[in-house]
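S.K.: Just entry14.cif, nothing more (mmCIF, C-alpha atoms (C1' of nucleotides)):
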data_run
loop_
_atom_site.label_atom_id
_atom_site.label_comp_id
_atom_site.auth_asym_id
_atom_site.auth_seq_id
_atom_site.Cartn_x
_atom_site.Cartn_y
_atom_site.Cartn_z
CA MET A 911 -12.47 -30.18 3.72
CA THR A 912 -11.89 -27.25 6.08
CA ILE A 913 -10.31 -23.94 5.17
CA GLY A 914 -7.01 -24.94 6.75
CA GLU A 915 -6.76 -28.08 4.68
CA ALA A 916 -7.75 -26.36 1.45
CA ALA A 917 -5.25 -23.58 2.09
CA LYS A 918 -2.47 -26.05 2.82
CA ARG A 919 -3.18 -27.99 -0.34
CA ALA A 920 -3.15 -24.81 -2.39
CA GLY A 921 0.01 -23.61 -0.72
CA ILE A 922 -1.40 -20.41 0.76
CA SER A 923 -2.66 -19.18 4.14
CA ALA A 924 -6.23 -19.60 5.41
CA LYS A 925 -6.29 -15.85 5.90
CA ARG A 926 -5.85 -15.38 2.18
CA VAL A 927 -8.60 -17.83 1.34
CA ARG A 928 -11.07 -15.83 3.44
CA HIS A 929 -9.80 -12.66 1.83
CA TYR A 930 -10.29 -14.05 -1.68
CA GLU A 931 -13.84 -14.93 -0.76
CA GLU A 932 -14.43 -11.46 0.61
CA ILE A 933 -13.25 -9.67 -2.52
CA GLY A 934 -15.18 -12.05 -4.76
CA VAL A 935 -12.31 -13.93 -6.39
CA LEU A 936 -13.71 -17.08 -4.85
CA SER A 937 -17.47 -17.60 -4.54
CA LYS A 938 -18.86 -17.88 -1.03
CA ALA A 939 -18.04 -21.21 0.50
CA ALA A 940 -20.73 -23.56 1.77
CA ARG A 941 -20.88 -23.85 5.54
CA SER A 942 -21.10 -26.78 7.92
CA GLU A 943 -23.76 -26.79 10.63
CA SER A 944 -21.37 -25.14 13.03
CA GLY A 945 -20.47 -22.42 10.54
CA TYR A 946 -17.16 -23.75 9.24
CA ARG A 947 -16.41 -23.11 5.58
CA ILE A 948 -16.39 -26.27 3.44
CA TYR A 949 -14.17 -26.72 0.38
CA ASP A 950 -13.69 -29.35 -2.32
CA GLU A 951 -11.12 -30.20 -4.97
CA THR A 952 -12.46 -27.62 -7.39
CA ASP A 953 -11.89 -24.88 -4.83
CA VAL A 954 -8.33 -26.03 -4.26
CA HIS A 955 -7.86 -26.00 -8.03
CA ILE A 956 -9.06 -22.42 -8.23
CA LEU A 957 -6.90 -21.37 -5.31
CA ARG A 958 -3.84 -22.83 -7.02
CA PHE A 959 -4.78 -20.98 -10.20
CA VAL A 960 -5.10 -17.73 -8.27
CA ASN A 961 -1.75 -18.24 -6.61
CA ARG A 962 0.00 -18.89 -9.90
CA ALA A 963 -1.56 -15.85 -11.51
CA ARG A 964 -0.37 -13.90 -8.50
CA ASN A 965 3.15 -15.21 -9.04
CA LEU A 966 2.92 -13.76 -12.54
CA GLY A 967 2.27 -10.39 -10.97
CA PHE A 968 -1.40 -10.02 -11.88
CA SER A 969 -3.42 -7.76 -9.56
CA MET A 970 -6.40 -9.25 -7.74
CA ALA A 971 -8.72 -7.31 -10.04
CA GLU A 972 -7.07 -8.94 -13.05
CA ILE A 973 -7.09 -12.32 -11.36
CA LYS A 974 -10.79 -11.98 -10.63
CA ARG A 975 -11.41 -11.50 -14.33
CA LEU A 976 -9.06 -14.32 -15.26
CA VAL A 977 -10.82 -16.73 -12.92
CA GLY A 978 -14.14 -15.73 -14.44
CA LEU A 979 -12.82 -16.37 -17.94
CA TRP A 980 -11.17 -19.56 -16.85
CA LYS A 981 -14.47 -20.93 -15.56
CA ASN A 982 -16.25 -20.01 -18.77
CA ARG A 983 -15.46 -22.55 -21.48
CA ARG A 984 -16.96 -20.46 -24.22
CA ARG A 985 -15.01 -17.25 -23.60
CA ALA A 986 -13.01 -15.82 -26.48
CA SER A 987 -9.25 -16.18 -26.03
CA ARG A 988 -9.08 -12.56 -27.16
CA GLU A 989 -10.22 -11.43 -23.74
CA VAL A 990 -7.61 -13.42 -21.92
CA LYS A 991 -4.88 -12.28 -24.25
CA LYS A 992 -5.86 -8.66 -23.74
CA ILE A 993 -5.51 -8.94 -19.97
CA ALA A 994 -2.14 -10.64 -20.34
CA LYS A 995 -0.92 -8.11 -22.91
CA ASP A 996 -2.02 -5.13 -20.82
CA HIS A 997 -0.28 -6.58 -17.84
CA LEU A 998 2.84 -7.19 -19.89
CA VAL A 999 2.93 -3.60 -21.11
CA GLY A 1000 2.73 -2.38 -17.52
CA LEU A 1001 5.53 -4.71 -16.53
CA GLU A 1002 7.74 -3.56 -19.36
CA GLN A 1003 7.25 0.08 -18.42
CA LYS A 1004 8.05 -0.69 -14.81
CA ILE A 1005 11.22 -2.53 -15.84
CA ILE A 1006 12.42 0.39 -17.93
CA GLU A 1007 11.75 2.79 -15.10
CA LEU A 1008 13.63 0.66 -12.58
CA GLN A 1009 16.52 0.20 -14.98
CA SER A 1010 16.81 3.92 -15.40
CA ILE A 1011 16.85 4.45 -11.65
CA ALA A 1012 19.36 1.64 -11.13
CA SER A 1013 21.63 3.11 -13.77
CA THR A 1014 21.57 6.51 -12.06
CA LEU A 1015 22.32 4.93 -8.70
CA ARG A 1016 25.20 2.88 -10.06
CA HIS A 1017 26.67 6.02 -11.53
CA LEU A 1018 26.35 7.91 -8.25
CA SER A 1019 27.61 5.03 -6.17
CA ASP A 1020 30.69 4.53 -8.33
CA ARG A 1021 31.78 8.08 -7.74
CA CYS A 1022 31.42 7.98 -3.98
CA SER A 1023 34.55 7.00 -2.12
CA GLY A 1024 32.52 5.25 0.57
CA ASP A 1025 35.11 5.72 3.31
CA ASP A 1026 35.54 7.97 6.34
CA ARG A 1027 35.57 11.14 4.34
CA PRO A 1028 32.40 13.22 4.37
CA ASP A 1029 32.44 14.23 0.70
CA CYS A 1030 29.65 12.39 -1.01
CA PRO A 1031 28.65 12.88 -4.65
CA ILE A 1032 25.50 10.86 -3.99
CA LEU A 1033 24.04 13.42 -1.62
CA GLN A 1034 25.32 16.30 -3.71
CA GLU A 1035 23.66 15.02 -6.82
CA ILE A 1036 20.38 14.25 -5.12
CA GLU A 1037 20.54 17.75 -3.74
CA PHE A 1038 21.17 19.57 -6.95
CA SER A 1039 19.75 17.41 -9.71
CA SER A 1040 16.62 18.62 -11.46
CA ASN A 1041 13.31 17.17 -10.35
CA LYS A 1042 12.47 14.00 -12.31
CA MET B 351 5.95 31.09 4.01
CA THR B 352 2.86 28.90 4.41
CA ILE B 353 2.70 25.18 3.77
CA GLY B 354 0.99 25.71 0.41
CA GLU B 355 3.75 27.99 -0.81
CA ALA B 356 6.53 25.73 0.40
CA ALA B 357 4.86 22.70 -1.17
CA LYS B 358 4.42 24.48 -4.47
CA ARG B 359 8.04 25.58 -4.54
CA ALA B 360 9.19 22.04 -3.80
CA GLY B 361 6.86 20.60 -6.42
CA ILE B 362 4.83 18.41 -4.08
CA SER B 363 1.45 18.55 -2.33
CA ALA B 364 0.81 20.19 1.04
CA LYS B 365 -0.60 16.87 2.18
CA ARG B 366 2.77 15.29 1.67
CA VAL B 367 4.57 18.00 3.57
CA ARG B 368 2.37 17.37 6.62
CA HIS B 369 2.93 13.66 6.17
CA TYR B 370 6.71 14.08 6.07
CA GLU B 371 6.53 16.05 9.29
CA GLU B 372 4.39 13.37 10.90
CA ILE B 373 6.79 10.52 10.07
CA GLY B 374 9.80 12.57 11.13
CA VAL B 375 11.45 13.13 7.75
CA LEU B 376 10.97 16.84 8.32
CA SER B 377 11.32 18.34 11.80
CA LYS B 378 8.21 19.93 13.27
CA ALA B 379 7.49 23.25 11.64
CA ALA B 380 7.23 26.46 13.66
CA ARG B 381 3.71 27.83 13.94
CA SER B 382 2.21 31.26 13.50
CA GLU B 383 -0.04 32.72 16.20
CA SER B 384 -3.06 31.26 14.49
CA GLY B 385 -1.47 27.83 14.25
CA TYR B 386 -0.34 27.87 10.62
CA ARG B 387 2.90 26.05 9.88
CA ILE B 388 5.75 28.36 8.84
CA TYR B 389 8.51 27.36 6.39
CA ASP B 390 11.69 28.90 5.05
CA GLU B 391 14.10 28.32 2.17
CA THR B 392 15.92 25.57 4.01
CA ASP B 393 12.71 23.62 4.40
CA VAL B 394 11.98 23.93 0.70
CA HIS B 395 15.50 22.73 0.01
CA ILE B 396 14.95 19.65 2.16
CA LEU B 397 11.59 18.97 0.56
CA ARG B 398 13.19 19.07 -2.88
CA PHE B 399 15.87 16.69 -1.66
CA VAL B 400 13.24 14.32 -0.34
CA ASN B 401 11.33 14.42 -3.58
CA ARG B 402 14.40 13.64 -5.64
CA ALA B 403 15.37 10.76 -3.41
CA ARG B 404 11.82 9.52 -3.81
CA ASN B 405 12.20 9.69 -7.58
CA LEU B 406 15.20 7.41 -7.17
CA GLY B 407 12.93 4.90 -5.52
CA PHE B 408 14.20 5.22 -1.95
CA SER B 409 11.69 4.31 0.76
CA MET B 410 10.73 6.94 3.29
CA ALA B 411 12.76 5.08 5.94
CA GLU B 412 15.84 5.32 3.72
CA ILE B 413 15.08 8.94 2.89
CA LYS B 414 14.80 9.74 6.56
CA ARG B 415 18.31 8.41 7.07
CA LEU B 416 19.60 10.17 3.96
CA VAL B 417 18.21 13.50 5.14
CA GLY B 418 19.87 12.96 8.50
CA LEU B 419 23.21 12.25 6.83
CA TRP B 420 22.77 15.11 4.44
CA LYS B 421 22.34 17.56 7.29
CA ASN B 422 25.43 16.26 9.06
CA ARG B 423 28.54 17.63 7.39
CA ARG B 424 30.86 15.31 9.24
CA ARG B 425 29.19 12.01 8.35
CA ALA B 426 31.28 9.35 6.62
CA SER B 427 30.42 8.89 2.95
CA ARG B 428 30.53 5.16 3.73
CA GLU B 429 27.13 5.38 5.37
CA VAL B 430 25.53 7.08 2.42
CA LYS B 431 27.09 4.69 -0.03
CA LYS B 432 25.79 1.73 1.94
CA ILE B 433 22.22 2.97 1.78
CA ALA B 434 22.55 3.59 -1.94
CA LYS B 435 24.17 0.19 -2.56
CA ASP B 436 21.58 -1.69 -0.56
CA HIS B 437 18.85 0.07 -2.44
CA LEU B 438 20.54 -0.73 -5.72
CA VAL B 439 20.77 -4.42 -4.87
CA GLY B 440 17.05 -4.49 -4.09
CA LEU B 441 16.30 -2.74 -7.37
CA GLU B 442 18.40 -5.18 -9.34
CA GLN B 443 16.64 -8.15 -7.79
CA LYS B 444 13.28 -6.61 -8.53
CA ILE B 445 14.28 -6.00 -12.14
CA ILE B 446 15.37 -9.60 -12.60
CA GLU B 447 12.14 -10.85 -11.09
CA LEU B 448 10.01 -8.63 -13.33
CA GLN B 449 12.02 -9.63 -16.39
CA SER B 450 11.45 -13.28 -15.64
CA ILE B 451 7.71 -12.71 -15.26
CA ALA B 452 7.57 -10.61 -18.43
CA SER B 453 9.40 -13.28 -20.34
CA THR B 454 6.92 -15.94 -19.23
CA LEU B 455 4.01 -13.72 -20.16
CA ARG B 456 5.42 -12.95 -23.59
CA HIS B 457 5.84 -16.64 -24.20
CA LEU B 458 2.27 -17.39 -23.14
CA SER B 459 0.83 -14.48 -25.03
CA ASP B 460 2.59 -15.40 -28.26
CA ARG B 461 0.99 -18.80 -28.26
CA CYS B 462 -2.54 -17.57 -27.69
CA SER B 463 -4.52 -16.92 -30.86
CA GLY B 464 -6.35 -14.03 -29.25
CA ASP B 465 -9.46 -14.36 -31.40
CA ASP B 466 -13.01 -15.70 -30.99
CA ARG B 467 -11.87 -19.22 -30.22
CA PRO B 468 -11.97 -20.33 -26.61
CA ASP B 469 -8.72 -22.29 -26.60
CA CYS B 470 -6.21 -20.35 -24.56
CA PRO B 471 -2.72 -21.55 -23.69
CA ILE B 472 -2.41 -18.70 -21.20
CA LEU B 473 -5.13 -20.03 -18.94
CA GLN B 474 -4.03 -23.60 -19.46
CA GLU B 475 -0.50 -22.87 -18.43
CA ILE B 476 -1.50 -20.85 -15.42
CA GLU B 477 -3.73 -23.74 -14.49
CA PHE B 478 -1.18 -26.50 -14.77
CA SER B 479 2.18 -24.87 -14.19
CA SER B 480 3.98 -25.67 -10.97
CA ASN B 481 3.75 -23.18 -8.15
CA LYS B 482 6.47 -20.55 -8.33
"C1'" DT C 574 -13.58 -34.48 30.30
"C1'" DT C 575 -9.86 -31.99 29.24
"C1'" DT C 576 -6.70 -30.08 26.09
"C1'" DG C 577 -4.95 -28.40 22.05
"C1'" DA C 578 -5.71 -27.52 17.42
"C1'" DC C 579 -8.84 -25.98 14.76
"C1'" DC C 580 -12.52 -22.58 13.24
"C1'" DT C 581 -15.32 -17.93 13.40
"C1'" DT C 582 -15.64 -12.63 13.10
"C1'" DC C 583 -13.67 -8.26 14.01
"C1'" DC C 584 -10.28 -4.78 14.34
"C1'" DC C 585 -5.64 -2.92 13.51
"C1'" DA C 586 -1.25 -2.40 10.82
"C1'" DT C 587 1.55 -2.10 6.80
"C1'" DG C 588 3.52 2.48 2.93
"C1'" DA C 589 2.90 6.63 0.93
"C1'" DT C 590 -0.19 9.01 -0.35
"C1'" DG C 591 -5.12 11.20 -1.85
"C1'" DG C 592 -9.89 12.65 -0.72
"C1'" DG C 593 -12.87 15.00 1.87
"C1'" DA C 594 -15.38 16.86 6.00
"C1'" DA C 595 -15.79 20.33 9.57
"C1'" DG C 596 -14.18 24.34 11.07
"C1'" DG C 597 -10.83 28.45 11.75
"C1'" DT C 598 -7.86 32.39 9.24
"C1'" DT C 599 -6.43 35.51 5.91
"C1'" DT C 600 -6.84 38.39 2.07
"C1'" DA C 601 -8.82 40.87 -1.62
"C1'" DG C 602 -12.48 43.24 -3.54
"C1'" DA C 603 -17.25 45.62 -3.42
"C1'" DT D 1148 -16.71 47.11 6.74
"C1'" DC D 1149 -18.58 43.07 5.18
"C1'" DT D 1150 -18.22 39.06 2.58
"C1'" DA D 1151 -16.52 35.42 -0.24
"C1'" DA D 1152 -12.75 32.92 -1.88
"C1'" DA D 1153 -8.78 30.76 -0.88
"C1'" DC D 1154 -6.19 29.44 2.35
"C1'" DC D 1155 -5.12 26.78 6.71
"C1'" DT D 1156 -6.05 23.20 10.68
"C1'" DT D 1157 -7.12 18.27 12.44
"C1'" DC D 1158 -9.33 13.96 11.82
"C1'" DC D 1159 -11.05 10.03 9.54
"C1'" DC D 1160 -11.39 6.96 5.58
"C1'" DA D 1161 -9.58 4.56 1.30
"C1'" DT D 1162 -6.11 2.45 -1.37
"C1'" DC D 1163 -3.82 -3.05 -2.02
"C1'" DA D 1164 -2.98 -7.70 -0.45
"C1'" DT D 1165 -1.86 -9.50 3.51
"C1'" DG D 1166 -0.50 -10.63 8.39
"C1'" DG D 1167 -1.25 -10.38 13.43
"C1'" DG D 1168 -3.94 -11.02 17.09
"C1'" DA D 1169 -8.03 -10.98 20.26
"C1'" DA D 1170 -12.26 -13.11 21.86
"C1'" DG D 1171 -14.87 -16.83 21.54
"C1'" DG D 1172 -17.01 -21.29 19.45
"C1'" DT D 1173 -16.00 -26.35 17.69
"C1'" DC D 1174 -13.86 -30.66 17.16
"C1'" DA D 1175 -10.98 -34.75 17.89
"C1'" DA D 1176 -7.91 -37.48 20.44
"C1'" DA D 1177 -6.24 -38.95 24.90
#
Would you mind writing the file out in structure tokens?

M.R.:
Amino acid sequence: MTIGEAAKRAGISAKRVRHYEEIGVLSKAARSESGYRIYDETDVHILRFVNRARNLGFSMAEIKRLVGLWKNRRRASREVKKIAKDHLVGLEQKIIELQSIASTLRHLSDRCSGDDRPDCPILQEIEFSSNK
Amino acid sequence: MTIGEAAKRAGISAKRVRHYEEIGVLSKAARSESGYRIYDETDVHILRFVNRARNLGFSMAEIKRLVGLWKNRRRASREVKKIAKDHLVGLEQKIIELQSIASTLRHLSDRCSGDDRPDCPILQEIEFSSNK
DNA sequence: TTTGACCTTCCCATGATGGGAAGGTTTAGA
DNA sequence: TCTAAACCTTCCCATCATGGGAAGGTCAAA
């Protein structure tokens, strides 16, 4: 099938499929006589896998490794778990950071009248708070 | 003072200061005869403000507006509060999304032995889960 | 045969920086 | 006074994952 068909079946854009080939997540596609890329069910399967991993927030570098491990039936599950765990740790840190920021903003926002008056604790606190 | 001094006092890099000028967060700096940018205390003050807003996760577009409002003593606090609230809503959505992803990953990770065996629920679930 | 819907490669843009090159300026010390 | 270090300048490239679009070739149906 053509790139457009494969992309549609995987639920992503053809642009992305070419990109995934370029960065090595997908191996180079076979070509028709006229130069069109040719895909089969296995490729669609991989593309779906990539898309789902992406929805779990994995970076393309991580996904590249995951696809490699996924193709290899003899890999140790340890490797996969390590990638997932590392990713999870990063996520958890990010969540804590965002929660801290959100909490600060809620505090500031609550104390701002938010009307026609110019007085604004939000600006004042951004202005005078310590860095970080 | 020179750009290096101003940057140091604000706790950021000189690169960033030039960048902030380029995107209009900072107005164009005066120049010495030899073409060096010249800064004063007010500029350092603004740079610190920008850096703090950045630490609160505001985008440069939002910061640009905040700096504008901050300079204007007659602005309505409503405007500032709206920017902060909008930002907060975005943050909260992001947090929920990351928490959902983290929860899925924890679940997957817990069920993977993570040893020499090849069986790996993580890959299996990424493979067969529905999209999104 | 024409037309429209594909496909190809290539370049540019995003956001907020950092890196580094090539070249000019200033400052401090020998 | 000369020189070397430590600044400064602009300009271009890279990040990351993706979209937009141009210019041009291919294919399938009418």

S.K.: Output the contact residues of chain D with respect to chain B at a cut-off of 10 Å, based on only C-alpha atoms (C1' of nucleotides), as a JSON list (two decimals) with C-alpha atoms (C1' of nucleotides), in the frame of the given file.

M.R.:
[["chain", "number", "residue", "atom", "x", "y", "z"],
["D", 1154, "DC", "C1'", -6.19, 29.44, 2.35],
["D", 1155, "DC", "C1'", -5.12, 26.78, 6.71],
["D", 1156, "DT", "C1'", -6.05, 23.20, 10.68]]

S.K.: As an mmCIF file with C-alpha atoms, keeping the file's coordinate frame, please: chain B after a least-squares superposition onto chain A using all C-alpha atoms matched in order.

M.R.:
data_model
loop_
_atom_site.group_PDB
_atom_site.id
_atom_site.type_symbol
_atom_site.label_atom_id
_atom_site.label_comp_id
_atom_site.auth_asym_id
_atom_site.auth_seq_id
_atom_site.Cartn_x
_atom_site.Cartn_y
_atom_site.Cartn_z
ATOM 1 C CA MET B 351 -12.503 -30.172 3.726
ATOM 2 C CA THR B 352 -11.896 -27.246 6.088
ATOM 3 C CA ILE B 353 -10.315 -23.947 5.145
ATOM 4 C CA GLY B 354 -6.996 -24.952 6.715
ATOM 5 C CA GLU B 355 -6.794 -28.109 4.642
ATOM 6 C CA ALA B 356 -7.766 -26.385 1.419
ATOM 7 C CA ALA B 357 -5.259 -23.602 2.058
ATOM 8 C CA LYS B 358 -2.492 -26.070 2.770
ATOM 9 C CA ARG B 359 -3.211 -28.029 -0.386
ATOM 10 C CA ALA B 360 -3.179 -24.840 -2.442
ATOM 11 C CA GLY B 361 0.020 -23.656 -0.789
ATOM 12 C CA ILE B 362 -1.379 -20.452 0.683
ATOM 13 C CA SER B 363 -2.616 -19.224 4.070
ATOM 14 C CA ALA B 364 -6.169 -19.624 5.364
ATOM 15 C CA LYS B 365 -6.218 -15.872 5.846
ATOM 16 C CA ARG B 366 -5.799 -15.414 2.140
ATOM 17 C CA VAL B 367 -8.559 -17.841 1.308
ATOM 18 C CA ARG B 368 -11.010 -15.835 3.431
ATOM 19 C CA HIS B 369 -9.713 -12.674 1.815
ATOM 20 C CA TYR B 370 -10.253 -14.054 -1.689
ATOM 21 C CA GLU B 371 -13.810 -14.918 -0.751
ATOM 22 C CA GLU B 372 -14.370 -11.439 0.641
ATOM 23 C CA ILE B 373 -13.186 -9.651 -2.517
ATOM 24 C CA GLY B 374 -15.143 -12.013 -4.748
ATOM 25 C CA VAL B 375 -12.281 -13.908 -6.385
ATOM 26 C CA LEU B 376 -13.703 -17.055 -4.838
ATOM 27 C CA SER B 377 -17.464 -17.546 -4.524
ATOM 28 C CA LYS B 378 -18.841 -17.808 -1.003
ATOM 29 C CA ALA B 379 -18.025 -21.155 0.522
ATOM 30 C CA ALA B 380 -20.738 -23.486 1.811
ATOM 31 C CA ARG B 381 -20.863 -23.776 5.585
ATOM 32 C CA SER B 382 -21.105 -26.690 7.964
ATOM 33 C CA GLU B 383 -23.745 -26.703 10.704
ATOM 34 C CA SER B 384 -21.315 -25.067 13.070
ATOM 35 C CA GLY B 385 -20.435 -22.369 10.561
ATOM 36 C CA TYR B 386 -17.130 -23.721 9.258
ATOM 37 C CA ARG B 387 -16.411 -23.073 5.594
ATOM 38 C CA ILE B 388 -16.402 -26.229 3.455
ATOM 39 C CA TYR B 389 -14.189 -26.701 0.373
ATOM 40 C CA ASP B 390 -13.743 -29.315 -2.320
ATOM 41 C CA GLU B 391 -11.176 -30.208 -4.976
ATOM 42 C CA THR B 392 -12.492 -27.608 -7.378
ATOM 43 C CA ASP B 393 -11.920 -24.877 -4.834
ATOM 44 C CA VAL B 394 -8.356 -26.024 -4.286
ATOM 45 C CA HIS B 395 -7.883 -26.007 -8.039
ATOM 46 C CA ILE B 396 -9.080 -22.411 -8.247
ATOM 47 C CA LEU B 397 -6.906 -21.378 -5.328
ATOM 48 C CA ARG B 398 -3.863 -22.852 -7.052
ATOM 49 C CA PHE B 399 -4.800 -20.989 -10.212
ATOM 50 C CA VAL B 400 -5.092 -17.754 -8.282
ATOM 51 C CA ASN B 401 -1.750 -18.277 -6.635
ATOM 52 C CA ARG B 402 -0.010 -18.921 -9.926
ATOM 53 C CA ALA B 403 -1.547 -15.874 -11.527
ATOM 54 C CA ARG B 404 -0.352 -13.936 -8.507
ATOM 55 C CA ASN B 405 3.159 -15.257 -9.065
ATOM 56 C CA LEU B 406 2.927 -13.797 -12.556
ATOM 57 C CA GLY B 407 2.304 -10.431 -10.989
ATOM 58 C CA PHE B 408 -1.371 -10.040 -11.883
ATOM 59 C CA SER B 409 -3.382 -7.792 -9.565
ATOM 60 C CA MET B 410 -6.338 -9.263 -7.738
ATOM 61 C CA ALA B 411 -8.684 -7.311 -10.037
ATOM 62 C CA GLU B 412 -7.051 -8.946 -13.059
ATOM 63 C CA ILE B 413 -7.072 -12.334 -11.359
ATOM 64 C CA LYS B 414 -10.748 -11.964 -10.628
ATOM 65 C CA ARG B 415 -11.389 -11.484 -14.331
ATOM 66 C CA LEU B 416 -9.040 -14.320 -15.267
ATOM 67 C CA VAL B 417 -10.823 -16.711 -12.917
ATOM 68 C CA GLY B 418 -14.133 -15.684 -14.442
ATOM 69 C CA LEU B 419 -12.821 -16.351 -17.947
ATOM 70 C CA TRP B 420 -11.200 -19.560 -16.869
ATOM 71 C CA LYS B 421 -14.490 -20.909 -15.580
ATOM 72 C CA ASN B 422 -16.285 -19.993 -18.791
ATOM 73 C CA ARG B 423 -15.470 -22.525 -21.486
ATOM 74 C CA ARG B 424 -16.975 -20.448 -24.244
ATOM 75 C CA ARG B 425 -15.050 -17.223 -23.639
ATOM 76 C CA ALA B 426 -13.010 -15.785 -26.504
ATOM 77 C CA SER B 427 -9.261 -16.179 -26.047
ATOM 78 C CA ARG B 428 -9.073 -12.538 -27.159
ATOM 79 C CA GLU B 429 -10.224 -11.411 -23.738
ATOM 80 C CA VAL B 430 -7.609 -13.410 -21.916
ATOM 81 C CA LYS B 431 -4.875 -12.291 -24.243
ATOM 82 C CA LYS B 432 -5.825 -8.665 -23.711
ATOM 83 C CA ILE B 433 -5.489 -8.947 -19.954
ATOM 84 C CA ALA B 434 -2.133 -10.658 -20.334
ATOM 85 C CA LYS B 435 -0.901 -8.102 -22.888
ATOM 86 C CA ASP B 436 -1.975 -5.138 -20.813
ATOM 87 C CA HIS B 437 -0.242 -6.602 -17.823
ATOM 88 C CA LEU B 438 2.864 -7.221 -19.878
ATOM 89 C CA VAL B 439 2.958 -3.627 -21.089
ATOM 90 C CA GLY B 440 2.749 -2.394 -17.500
ATOM 91 C CA LEU B 441 5.547 -4.749 -16.497
ATOM 92 C CA GLU B 442 7.760 -3.585 -19.325
ATOM 93 C CA GLN B 443 7.278 0.048 -18.383
ATOM 94 C CA LYS B 444 8.064 -0.729 -14.779
ATOM 95 C CA ILE B 445 11.224 -2.570 -15.796
ATOM 96 C CA ILE B 446 12.427 0.351 -17.888
ATOM 97 C CA GLU B 447 11.752 2.757 -15.055
ATOM 98 C CA LEU B 448 13.628 0.613 -12.532
ATOM 99 C CA GLN B 449 16.530 0.160 -14.936
ATOM 100 C CA SER B 450 16.820 3.892 -15.376
ATOM 101 C CA ILE B 451 16.835 4.425 -11.612
ATOM 102 C CA ALA B 452 19.353 1.622 -11.087
ATOM 103 C CA SER B 453 21.605 3.084 -13.717
ATOM 104 C CA THR B 454 21.566 6.490 -12.027
ATOM 105 C CA LEU B 455 22.298 4.915 -8.673
ATOM 106 C CA ARG B 456 25.187 2.873 -10.025
ATOM 107 C CA HIS B 457 26.651 6.006 -11.512
ATOM 108 C CA LEU B 458 26.326 7.909 -8.240
ATOM 109 C CA SER B 459 27.596 5.050 -6.159
ATOM 110 C CA ASP B 460 30.675 4.538 -8.312
ATOM 111 C CA ARG B 461 31.763 8.089 -7.745
ATOM 112 C CA CYS B 462 31.398 8.013 -3.982
ATOM 113 C CA SER B 463 34.543 7.019 -2.107
ATOM 114 C CA GLY B 464 32.523 5.269 0.566
ATOM 115 C CA ASP B 465 35.099 5.758 3.310
ATOM 116 C CA ASP B 466 35.544 8.017 6.354
ATOM 117 C CA ARG B 467 35.543 11.200 4.315
ATOM 118 C CA PRO B 468 32.385 13.273 4.329
ATOM 119 C CA ASP B 469 32.420 14.260 0.664
ATOM 120 C CA CYS B 470 29.623 12.404 -1.056
ATOM 121 C CA PRO B 471 28.608 12.871 -4.680
ATOM 122 C CA ILE B 472 25.457 10.861 -4.008
ATOM 123 C CA LEU B 473 24.013 13.424 -1.637
ATOM 124 C CA GLN B 474 25.265 16.297 -3.735
ATOM 125 C CA GLU B 475 23.600 15.015 -6.839
ATOM 126 C CA ILE B 476 20.346 14.253 -5.116
ATOM 127 C CA GLU B 477 20.503 17.757 -3.741
ATOM 128 C CA PHE B 478 21.116 19.580 -6.982
ATOM 129 C CA SER B 479 19.677 17.381 -9.697
ATOM 130 C CA SER B 480 16.548 18.573 -11.439
ATOM 131 C CA ASN B 481 13.248 17.128 -10.332
ATOM 132 C CA LYS B 482 12.371 13.952 -12.200
#

S.K.: List the residues matched by the PyMOL selection byres ((chain B and resi 366) around 10) in the displayed structure as a PyMOL selection string, ordered by chain and then by residue number.

M.R.: (chain B and resi 357+362-365+367-372+397) or (chain C and resi 589-591)

S.K.: Could you produce a table of the residues of chain A lying within 7 Å of chain B, with the nearest pair of atoms per residue and their separation in Å rounded to one decimal, using all atoms listed in the file, ordered by chain and increasing residue number, as a Markdown table?

M.R.:
| residue | atom | partner | partner_atom | distance |
| --- | --- | --- | --- | --- |
| A:Phe959 | CA | B:Glu477 | CA | 5.2 |
| A:Arg962 | CA | B:Asn481 | CA | 6.0 |
| A:Ala963 | CA | B:Ile476 | CA | 6.3 |
| A:Asn965 | CA | B:Lys482 | CA | 6.3 |
| A:Leu966 | CA | B:Ile451 | CA | 5.6 |
| A:Trp980 | CA | B:Leu473 | CA | 6.4 |
| A:Arg983 | CA | B:Pro468 | CA | 6.6 |
| A:Arg984 | CA | B:Pro468 | CA | 5.5 |
| A:Arg985 | CA | B:Pro468 | CA | 5.3 |
| A:Ala986 | CA | B:Asp466 | CA | 4.5 |
| A:Ser987 | CA | B:Gly464 | CA | 4.8 |
| A:Arg988 | CA | B:Gly464 | CA | 3.7 |
| A:Lys991 | CA | B:Gly464 | CA | 5.5 |
| A:Ala994 | CA | B:Ser459 | CA | 6.8 |
| A:Lys995 | CA | B:Ser459 | CA | 6.9 |
| A:Leu998 | CA | B:Ala452 | CA | 6.0 |
| A:Leu1001 | CA | B:Ala452 | CA | 6.5 |
| A:Ile1005 | CA | B:Ile445 | CA | 5.9 |
| A:Leu1008 | CA | B:Ile445 | CA | 6.7 |
| A:Ile1011 | CA | B:Leu406 | CA | 5.6 |
| A:Ala1012 | CA | B:Leu438 | CA | 6.0 |
| A:Leu1015 | CA | B:Leu438 | CA | 6.6 |
| A:Ser1019 | CA | B:Lys431 | CA | 6.2 |
| A:Cys1022 | CA | B:Lys431 | CA | 6.7 |
| A:Ser1023 | CA | B:Ser427 | CA | 6.8 |
| A:Gly1024 | CA | B:Arg428 | CA | 3.7 |
| A:Asp1025 | CA | B:Arg428 | CA | 4.6 |
| A:Asp1026 | CA | B:Ala426 | CA | 4.5 |
| A:Arg1027 | CA | B:Ala426 | CA | 5.2 |
| A:Pro1028 | CA | B:Ala426 | CA | 4.6 |
| A:Asp1029 | CA | B:Ser427 | CA | 6.1 |
| A:Cys1030 | CA | B:Ser427 | CA | 5.3 |
| A:Leu1033 | CA | B:Trp420 | CA | 6.4 |
| A:Ile1036 | CA | B:Arg402 | CA | 6.0 |
| A:Glu1037 | CA | B:Phe399 | CA | 5.2 |
| A:Asn1041 | CA | B:Arg402 | CA | 6.0 |
| A:Lys1042 | CA | B:Asn405 | CA | 6.4 |
